[in-house]
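To be precise, the following lines are entry-v5.tsv, and they hold TSV, C-alpha atoms and all ligand atoms.
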chain	number	residue	atom	x	y	z
A	1	MET	CA	187.57	72.99	-61.69
A	2	LYS	CA	190.99	72.30	-60.17
A	3	TYR	CA	191.43	75.98	-59.34
A	4	PHE	CA	187.91	76.18	-57.94
A	5	ILE	CA	188.59	73.29	-55.54
A	6	LEU	CA	191.95	74.75	-54.54
A	7	SER	CA	190.52	78.20	-53.96
A	8	PHE	CA	187.58	76.77	-52.04
A	9	GLY	CA	190.05	74.87	-49.85
A	10	LEU	CA	191.94	78.06	-49.15
A	11	SER	CA	188.70	79.88	-48.40
A	12	ILE	CA	187.67	77.35	-45.77
A	13	PHE	CA	190.95	77.76	-43.96
A	14	THR	CA	190.76	81.53	-44.24
A	15	PHE	CA	187.28	81.70	-42.80
A	16	CYS	CA	187.21	79.04	-40.14
A	17	GLY	CA	188.45	81.27	-37.34
A	18	ALA	CA	186.19	83.89	-35.81
A	19	THR	CA	183.78	83.87	-38.72
A	20	ARG	CA	182.28	81.20	-40.90
A	21	LEU	CA	181.85	81.05	-44.60
A	22	GLU	CA	178.18	80.16	-44.88
A	23	HIS	CA	177.37	80.41	-48.56
A	24	PHE	CA	180.12	80.27	-51.10
A	25	GLU	CA	179.82	80.65	-54.81
A	26	THR	CA	182.61	81.66	-57.13
A	27	GLY	CA	183.23	85.34	-56.75
A	28	SER	CA	180.98	86.04	-53.77
A	29	PHE	CA	180.64	84.99	-50.18
A	30	ARG	CA	179.07	86.12	-46.97
A	31	SER	CA	180.35	85.47	-43.49
A	32	HIS	CA	178.40	85.35	-40.23
A	33	SER	CA	179.32	85.58	-36.58
A	34	TYR	CA	180.56	82.27	-35.19
A	35	ASN	CA	177.83	81.45	-32.69
A	36	SER	CA	174.60	82.20	-34.43
A	37	PRO	CA	173.09	79.66	-36.81
A	38	VAL	CA	172.00	81.41	-39.97
A	39	THR	CA	168.31	82.01	-40.52
A	40	ASP	CA	168.56	83.04	-44.16
A	41	THR	CA	165.50	82.80	-46.30
A	42	ILE	CA	167.57	82.80	-49.50
A	43	GLU	CA	167.80	79.29	-50.92
A	44	PRO	CA	171.36	78.58	-52.10
A	45	GLN	CA	171.97	76.92	-55.45
A	46	ASP	CA	172.45	73.14	-55.23
A	47	THR	CA	176.10	73.54	-56.24
A	48	ALA	CA	176.92	76.20	-53.60
A	49	PHE	CA	179.20	75.17	-50.77
A	50	VAL	CA	177.51	75.72	-47.39
A	51	ASN	CA	178.18	74.91	-43.76
A	52	LEU	CA	175.96	72.15	-42.34
A	53	ASN	CA	175.85	73.97	-39.01
A	54	ALA	CA	173.91	76.80	-40.67
A	55	TYR	CA	171.03	74.43	-41.45
A	56	SER	CA	170.77	72.15	-38.42
A	57	SER	CA	172.01	71.71	-34.88
A	58	ASP	CA	170.84	68.08	-34.84
A	59	PHE	CA	174.13	66.50	-35.86
A	60	ASN	CA	177.01	65.21	-33.76
A	61	TYR	CA	180.51	66.17	-34.91
A	62	ASP	CA	183.62	64.05	-34.56
A	63	MET	CA	185.70	65.66	-37.31
A	64	ARG	CA	188.64	63.31	-37.14
A	65	TYR	CA	190.95	65.10	-39.57
A	66	ALA	CA	190.71	68.23	-37.40
A	67	THR	CA	192.34	66.16	-34.63
A	68	PRO	CA	195.38	63.83	-34.56
A	69	ASN	CA	192.99	60.87	-34.02
A	70	ASN	CA	193.05	59.62	-37.61
A	71	PHE	CA	195.19	57.41	-39.85
A	72	LEU	CA	197.48	60.31	-40.80
A	73	LYS	CA	198.26	60.70	-37.07
A	74	ALA	CA	198.12	64.46	-37.65
A	75	LYS	CA	195.62	67.30	-37.41
A	76	VAL	CA	195.33	68.21	-41.08
A	77	TYR	CA	192.30	70.54	-40.95
A	78	ASP	CA	192.40	73.96	-39.32
A	79	CYS	CA	188.77	73.79	-38.26
A	80	ALA	CA	186.16	71.17	-37.47
A	81	GLU	CA	183.49	72.38	-39.88
A	82	CYS	CA	181.35	70.39	-42.31
A	83	TYR	CA	181.12	72.11	-45.69
A	84	LEU	CA	179.22	70.41	-48.51
A	85	ARG	CA	177.35	71.31	-51.68
A	86	TYR	CA	173.84	72.42	-50.78
A	87	ALA	CA	172.35	69.43	-52.66
A	88	THR	CA	174.34	67.12	-50.37
A	89	ILE	CA	173.27	69.06	-47.27
A	90	LYS	CA	169.58	68.68	-48.17
A	91	ALA	CA	169.89	64.92	-48.58
A	92	LEU	CA	171.84	64.63	-45.32
A	93	LEU	CA	169.21	66.64	-43.43
A	94	ALA	CA	166.48	64.34	-44.74
A	95	ALA	CA	168.44	61.24	-43.72
A	96	ASN	CA	169.16	62.63	-40.25
A	97	LYS	CA	165.46	63.34	-39.77
A	98	GLU	CA	164.70	59.68	-40.43
A	99	PHE	CA	167.44	58.53	-38.07
A	100	GLY	CA	166.07	60.97	-35.48
A	101	ALA	CA	162.62	59.40	-35.64
A	102	LEU	CA	164.29	56.10	-34.71
A	103	GLY	CA	166.24	57.62	-31.79
A	104	TYR	CA	169.56	58.05	-33.61
A	105	LYS	CA	171.63	60.97	-34.83
A	106	ILE	CA	174.30	61.14	-37.52
A	107	THR	CA	177.83	61.67	-36.22
A	108	ILE	CA	180.08	63.27	-38.81
A	109	TYR	CA	183.68	62.26	-39.42
A	110	ASP	CA	184.37	64.11	-42.69
A	111	CYS	CA	182.71	66.25	-45.35
A	112	TYR	CA	184.43	68.47	-47.96
A	113	ARG	CA	188.12	67.56	-48.16
A	114	PRO	CA	190.70	69.74	-49.91
A	115	LEU	CA	192.63	68.03	-52.72
A	116	GLU	CA	195.92	68.74	-50.93
A	117	ILE	CA	194.77	66.58	-48.01
A	118	GLN	CA	193.65	63.85	-50.44
A	119	LYS	CA	197.22	63.80	-51.78
A	120	ARG	CA	198.65	63.43	-48.26
A	121	MET	CA	196.21	60.61	-47.54
A	122	TYR	CA	197.03	58.76	-50.75
A	123	LYS	CA	200.77	58.92	-49.99
A	124	ILE	CA	200.06	57.00	-46.78
A	125	VAL	CA	197.44	54.60	-48.23
A	126	PRO	CA	197.96	54.36	-52.02
A	127	ASP	CA	195.02	52.00	-52.44
A	128	ALA	CA	191.98	53.41	-54.26
A	129	ARG	CA	189.67	51.00	-52.44
A	130	TYR	CA	190.29	53.05	-49.30
A	131	VAL	CA	191.58	56.47	-50.41
A	132	ALA	CA	190.59	57.83	-53.83
A	133	ASN	CA	193.50	58.58	-56.15
A	134	PRO	CA	194.01	62.36	-56.14
A	135	LYS	CA	194.69	62.21	-59.91
A	136	THR	CA	190.96	61.67	-60.40
A	137	GLY	CA	189.99	63.02	-56.99
A	138	SER	CA	187.48	61.94	-54.38
A	139	ILE	CA	183.83	62.96	-54.24
A	140	HIS	CA	184.88	64.49	-50.90
A	141	ASN	CA	186.98	66.97	-52.90
A	142	ARG	CA	183.78	68.03	-54.68
A	143	GLY	CA	181.51	68.43	-51.64
A	144	GLY	CA	179.37	65.40	-52.50
A	145	ALA	CA	180.60	62.79	-49.98
A	146	VAL	CA	180.34	62.27	-46.24
A	147	ASP	CA	181.97	59.90	-43.76
A	148	ILE	CA	179.48	59.20	-40.98
A	149	SER	CA	178.22	56.86	-38.30
A	150	LEU	CA	175.35	56.99	-35.79
A	151	ILE	CA	174.99	57.82	-32.11
A	152	ASP	CA	172.07	56.65	-30.00
A	153	SER	CA	169.86	58.69	-27.65
A	154	THR	CA	172.43	58.38	-24.83
A	155	GLY	CA	175.16	59.78	-27.09
A	156	ALA	CA	176.93	56.43	-27.43
A	157	VAL	CA	178.42	55.56	-30.81
A	158	VAL	CA	176.44	52.74	-32.42
A	159	PRO	CA	178.78	49.75	-32.97
A	160	MET	CA	179.56	49.10	-36.63
A	161	GLY	CA	182.15	46.35	-36.21
A	162	THR	CA	185.24	48.42	-36.99
A	163	GLU	CA	186.56	51.86	-36.22
A	164	PHE	CA	186.19	54.67	-38.78
A	165	ASP	CA	188.95	54.40	-41.43
A	166	HIS	CA	189.68	50.76	-40.71
A	167	PHE	CA	191.15	49.92	-44.11
A	168	GLY	CA	190.53	46.20	-44.36
A	169	LYS	CA	187.98	43.56	-45.32
A	170	GLU	CA	186.18	43.85	-41.96
A	171	ALA	CA	184.84	47.27	-43.06
A	172	HIS	CA	183.54	46.01	-46.43
A	173	GLN	CA	179.81	45.97	-47.10
A	174	ASP	CA	179.91	42.27	-47.97
A	175	TYR	CA	181.84	41.18	-44.87
A	176	THR	CA	179.73	38.50	-43.23
A	177	LYS	CA	181.51	37.65	-39.98
A	178	LEU	CA	179.48	40.18	-38.02
A	179	SER	CA	177.09	39.75	-35.11
A	180	PRO	CA	173.38	40.17	-35.97
A	181	GLU	CA	173.40	43.47	-34.03
A	182	ILE	CA	176.28	44.96	-36.03
A	183	ARG	CA	174.85	43.70	-39.29
A	184	ALA	CA	171.55	45.39	-38.41
A	185	ASN	CA	173.34	48.64	-37.51
A	186	ARG	CA	175.23	48.74	-40.80
A	187	ASN	CA	172.07	47.90	-42.74
A	188	LEU	CA	170.16	50.69	-41.00
A	189	LEU	CA	172.88	53.22	-41.81
A	190	ARG	CA	173.13	52.15	-45.45
A	191	GLU	CA	169.40	51.75	-46.11
A	192	ILE	CA	168.39	55.16	-44.78
A	193	MET	CA	171.26	56.91	-46.55
A	194	GLU	CA	170.39	55.17	-49.83
A	195	LYS	CA	166.71	56.01	-49.42
A	196	ASN	CA	167.70	59.66	-49.15
A	197	GLY	CA	169.79	59.90	-52.30
A	198	PHE	CA	173.19	58.56	-51.31
A	199	GLU	CA	175.12	55.53	-52.54
A	200	SER	CA	177.47	53.47	-50.46
A	201	ILE	CA	180.85	52.14	-51.57
A	202	ARG	CA	181.85	48.49	-51.34
A	203	THR	CA	184.85	48.89	-49.05
A	204	GLU	CA	183.87	51.41	-46.34
A	205	TRP	CA	180.65	51.22	-44.28
A	206	TRP	CA	181.03	54.92	-43.26
A	207	HIS	CA	181.42	56.53	-46.72
A	208	PHE	CA	178.47	57.81	-48.79
A	209	ASN	CA	178.42	59.71	-52.09
A	210	LEU	CA	175.44	61.76	-53.14
A	211	LYS	CA	174.06	60.00	-56.23
A	212	GLY	CA	174.94	61.85	-59.40
A	213	SER	CA	178.00	63.57	-57.88
A	214	THR	CA	180.90	63.45	-60.31
A	301	LIG	C1	189.86	58.15	-46.43
A	301	LIG	C2	188.45	57.65	-46.30
A	301	LIG	N1	187.82	58.26	-45.16
A	301	LIG	C3	187.66	57.95	-47.57
A	301	LIG	O1	186.90	58.88	-47.60
A	301	LIG	N2	187.89	57.14	-48.61
A	301	LIG	C4	187.25	57.33	-49.90
A	301	LIG	C5	187.43	56.14	-50.80
A	301	LIG	C6	187.77	58.58	-50.61
A	301	LIG	O2	188.93	58.95	-50.44
A	301	LIG	O3	186.98	59.13	-51.40
A	302	ZN	ZN	184.84	59.13	-47.27
Now that the file is in, can you turn its structure into structure tokens?
Ligand SMILES: C[C@@H](N)C(=O)N[C@H](C)C(=O)O
Ligand SMILES: [Zn+2]
Amino acid sequence: MKYFILSFGLSIFTFCGATRLEHFETGSFRSHSYNSPVTDTIEPQDTAFVNLNAYSSDFNYDMRYATPNNFLKAKVYDCAECYLRYATIKALLAANKEFGALGYKITIYDCYRPLEIQKRMYKIVPDARYVANPKTGSIHNRGGAVDISLIDSTGAVVPMGTEFDHFGKEAHQDYTKLSPEIRANRNLLREIMEKNGFESIRTEWWHFNLKGST
């Protein structure tokens, strides 16, 4: 498993230039030209790593770790792509459809995260409430977790009371000193994600694991 995650990490960075790795399973991959969303009819296996962009253009991307605008204060990803297991992608598409019907869109901060980056994060914030210990790993390292928020129909980020990766009690699910509007926004995000197969964590309003991911 360790070697699979490491080799998948390397593969992402190898293929996130002029071409994209669209479907990845151990031992085989196919790449596609950068601009064209894939219109494959072949259904990947639930465990296959795929690029969200190949399945929908209805998401907003703010891939923070591909920029220096994050708590590491460094651009630690070579490309701003969202790779996840296909099972996670399907659940995310269903959730985004529900948000869309209400006039919102998911904005994506992070998806698959290589274990090497998890180690760098944990050196800066060695607190498992906010950064999973790389000894056990994060569900991000397995393609089953997403960090997200919402944008509205004007493209404005929906206020959630803290910035993404605010590591403190204000970002906790049970934090009560929030305006009714922010409380409603957080509830909407959590309820629709949970309805579509994700579970939230106690300490970060933006983080969701696909249920059953290990
Ligand atoms: C670092 C933060 N965005 C995050 O994803 N934290 C959780 C707990 C994780 O590392 O799995
Ligand atoms: Zn996360």
| At most 9 Å from ligand LIG 301 (chain A) (all atoms listed in the file): residue list as an MDAnalysis selection string | chainID A and resid 71 109:111 113 118 121:122 125 127:134 137:141 145:147 164:167 201 203:204 206:209
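With all atoms listed in the file as the atoms that count, the minimum distance from A:Gly212 to the choices A:Gly144, A:Gly103, A:Gly168, A:Gly161 is reached by A:Gly144.
Shortest atom-to-atom contact with ligand ZN 302 (chain A) among A:Asn51, A:Thr162, A:Ser200, A:Thr136: A:Ser200, counting only C-alpha atoms and all ligand atoms.
In this structure, atom CA of A:Ala48 sits 9.2 Å away from atom CA of A:Gly143.
Across the model, the gap from atom CA of A:Ile42 to atom CA of A:Ile108 is 25.5 Å.
For the set A:Arg64, A:Lys195, A:Arg85, A:Lys123, the residue with the smallest atom-to-atom gap to ligand ZN 302 (chain A) is A:Arg64, counting all atoms listed in the file.
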| request: Have a look at atom CA of A:Ala94 and atom CA of A:Met193 and let me know their distance in Å, one decimal. | output: 9.0 Å
Taking (176.5, 56.5, -35.3) in the file's own coordinates, collect the residues within 10 Å, counting all atoms listed in the file, and hand them back as a tab-separated table (two decimals) with C-alpha atoms, in the frame of the given file.
chain	number	residue	atom	x	y	z
A	60	ASN	CA	177.01	65.21	-33.76
A	99	PHE	CA	167.44	58.53	-38.07
A	104	TYR	CA	169.56	58.05	-33.61
A	105	LYS	CA	171.63	60.97	-34.83
A	106	ILE	CA	174.30	61.14	-37.52
A	107	THR	CA	177.83	61.67	-36.22
A	108	ILE	CA	180.08	63.27	-38.81
A	148	ILE	CA	179.48	59.20	-40.98
A	149	SER	CA	178.22	56.86	-38.30
A	150	LEU	CA	175.35	56.99	-35.79
A	151	ILE	CA	174.99	57.82	-32.11
A	152	ASP	CA	172.07	56.65	-30.00
A	155	GLY	CA	175.16	59.78	-27.09
A	156	ALA	CA	176.93	56.43	-27.43
A	157	VAL	CA	178.42	55.56	-30.81
A	158	VAL	CA	176.44	52.74	-32.42
A	159	PRO	CA	178.78	49.75	-32.97
A	160	MET	CA	179.56	49.10	-36.63
A	185	ASN	CA	173.34	48.64	-37.51
A	186	ARG	CA	175.23	48.74	-40.80
A	189	LEU	CA	172.88	53.22	-41.81
A	206	TRP	CA	181.03	54.92	-43.26
| request: Within 12 Å of A:Asp46, counting all atoms listed in the file, which residues show up once you throw out same-chain ones fewer than 2 positions away? Write them as a list in words, please. | output: His23, Phe24, Glu25, Glu43, Pro44, Ala48, Phe49, Val50, Leu84, Arg85, Tyr86, Ala87, Thr88, Ile89, Lys90, Ala91, Gly143, Gly144, Leu210 and Ser213 of chain A
Next, write the just-selected residues to a file, as a PDB file, in the coordinates of the input, keeping C-alpha atoms as the atom set.
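Writing done, so here's out18.pdb:
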ATOM      1  CA  HIS A  23     177.370  80.410 -48.560  1.00  0.00           C
ATOM      2  CA  PHE A  24     180.120  80.270 -51.100  1.00  0.00           C
ATOM      3  CA  GLU A  25     179.820  80.650 -54.810  1.00  0.00           C
ATOM      4  CA  GLU A  43     167.800  79.290 -50.920  1.00  0.00           C
ATOM      5  CA  PRO A  44     171.360  78.580 -52.100  1.00  0.00           C
ATOM      6  CA  ALA A  48     176.920  76.200 -53.600  1.00  0.00           C
ATOM      7  CA  PHE A  49     179.200  75.170 -50.770  1.00  0.00           C
ATOM      8  CA  VAL A  50     177.510  75.720 -47.390  1.00  0.00           C
ATOM      9  CA  LEU A  84     179.220  70.410 -48.510  1.00  0.00           C
ATOM     10  CA  ARG A  85     177.350  71.310 -51.680  1.00  0.00           C
ATOM     11  CA  TYR A  86     173.840  72.420 -50.780  1.00  0.00           C
ATOM     12  CA  ALA A  87     172.350  69.430 -52.660  1.00  0.00           C
ATOM     13  CA  THR A  88     174.340  67.120 -50.370  1.00  0.00           C
ATOM     14  CA  ILE A  89     173.270  69.060 -47.270  1.00  0.00           C
ATOM     15  CA  LYS A  90     169.580  68.680 -48.170  1.00  0.00           C
ATOM     16  CA  ALA A  91     169.890  64.920 -48.580  1.00  0.00           C
ATOM     17  CA  GLY A 143     181.510  68.430 -51.640  1.00  0.00           C
ATOM     18  CA  GLY A 144     179.370  65.400 -52.500  1.00  0.00           C
ATOM     19  CA  LEU A 210     175.440  61.760 -53.140  1.00  0.00           C
ATOM     20  CA  SER A 213     178.000  63.570 -57.880  1.00  0.00           C
TER      21      SER A 213
END
| said: Under the rule that all atoms listed in the file are counted, which of A:Tyr112, A:Tyr61, A:Tyr55, A:Tyr175 is the nearest residue to ligand ZN 302 (chain A)? | reply: A:Tyr112
| query | Taking into account only C-alpha atoms and all ligand atoms, which residue in the set A:Leu188, A:Glu194, A:Arg142, A:Val76 is nearest to ligand ZN 302 (chain A)? | reply | A:Arg142
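When all atoms listed in the file are used to compute distances to ligand ZN 302 (chain A), the closest of the residues A:Met63, A:Ala184, A:Ile124, A:Ala80 turns out to be A:Met63.
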Mind filling out stretch 66-77 of chain A with N, CA and C atoms and sending it as a compact mmCIF listing (two decimals), keeping the file's coordinate frame?
# COMPACT_ATOMS: atom_id res chain seq x y z
N ALA A 66 190.40 66.98 -38.13
CA ALA A 66 190.71 68.23 -37.40
C ALA A 66 191.32 67.90 -36.04
N THR A 67 191.67 66.62 -35.85
CA THR A 67 192.34 66.16 -34.63
C THR A 67 193.47 65.21 -35.06
N PRO A 68 194.35 64.82 -34.16
CA PRO A 68 195.38 63.83 -34.56
C PRO A 68 194.85 62.40 -34.50
N ASN A 69 193.58 62.21 -34.12
CA ASN A 69 192.99 60.87 -34.02
C ASN A 69 192.48 60.39 -35.37
N ASN A 70 193.41 60.11 -36.27
CA ASN A 70 193.05 59.62 -37.61
C ASN A 70 194.27 58.89 -38.18
N PHE A 71 194.10 58.27 -39.34
CA PHE A 71 195.19 57.41 -39.85
C PHE A 71 196.43 58.19 -40.29
N LEU A 72 196.30 59.50 -40.47
CA LEU A 72 197.48 60.31 -40.80
C LEU A 72 198.29 60.63 -39.54
N LYS A 73 197.65 60.39 -38.38
CA LYS A 73 198.26 60.70 -37.07
C LYS A 73 198.66 62.18 -37.00
N ALA A 74 197.85 63.02 -37.64
CA ALA A 74 198.12 64.46 -37.65
C ALA A 74 196.82 65.22 -37.82
N LYS A 75 196.78 66.41 -37.23
CA LYS A 75 195.62 67.30 -37.41
C LYS A 75 195.83 68.02 -38.74
N VAL A 76 195.07 67.65 -39.75
CA VAL A 76 195.33 68.21 -41.08
C VAL A 76 194.30 69.27 -41.50
N TYR A 77 193.26 69.46 -40.68
CA TYR A 77 192.30 70.54 -40.95
C TYR A 77 192.46 71.62 -39.87
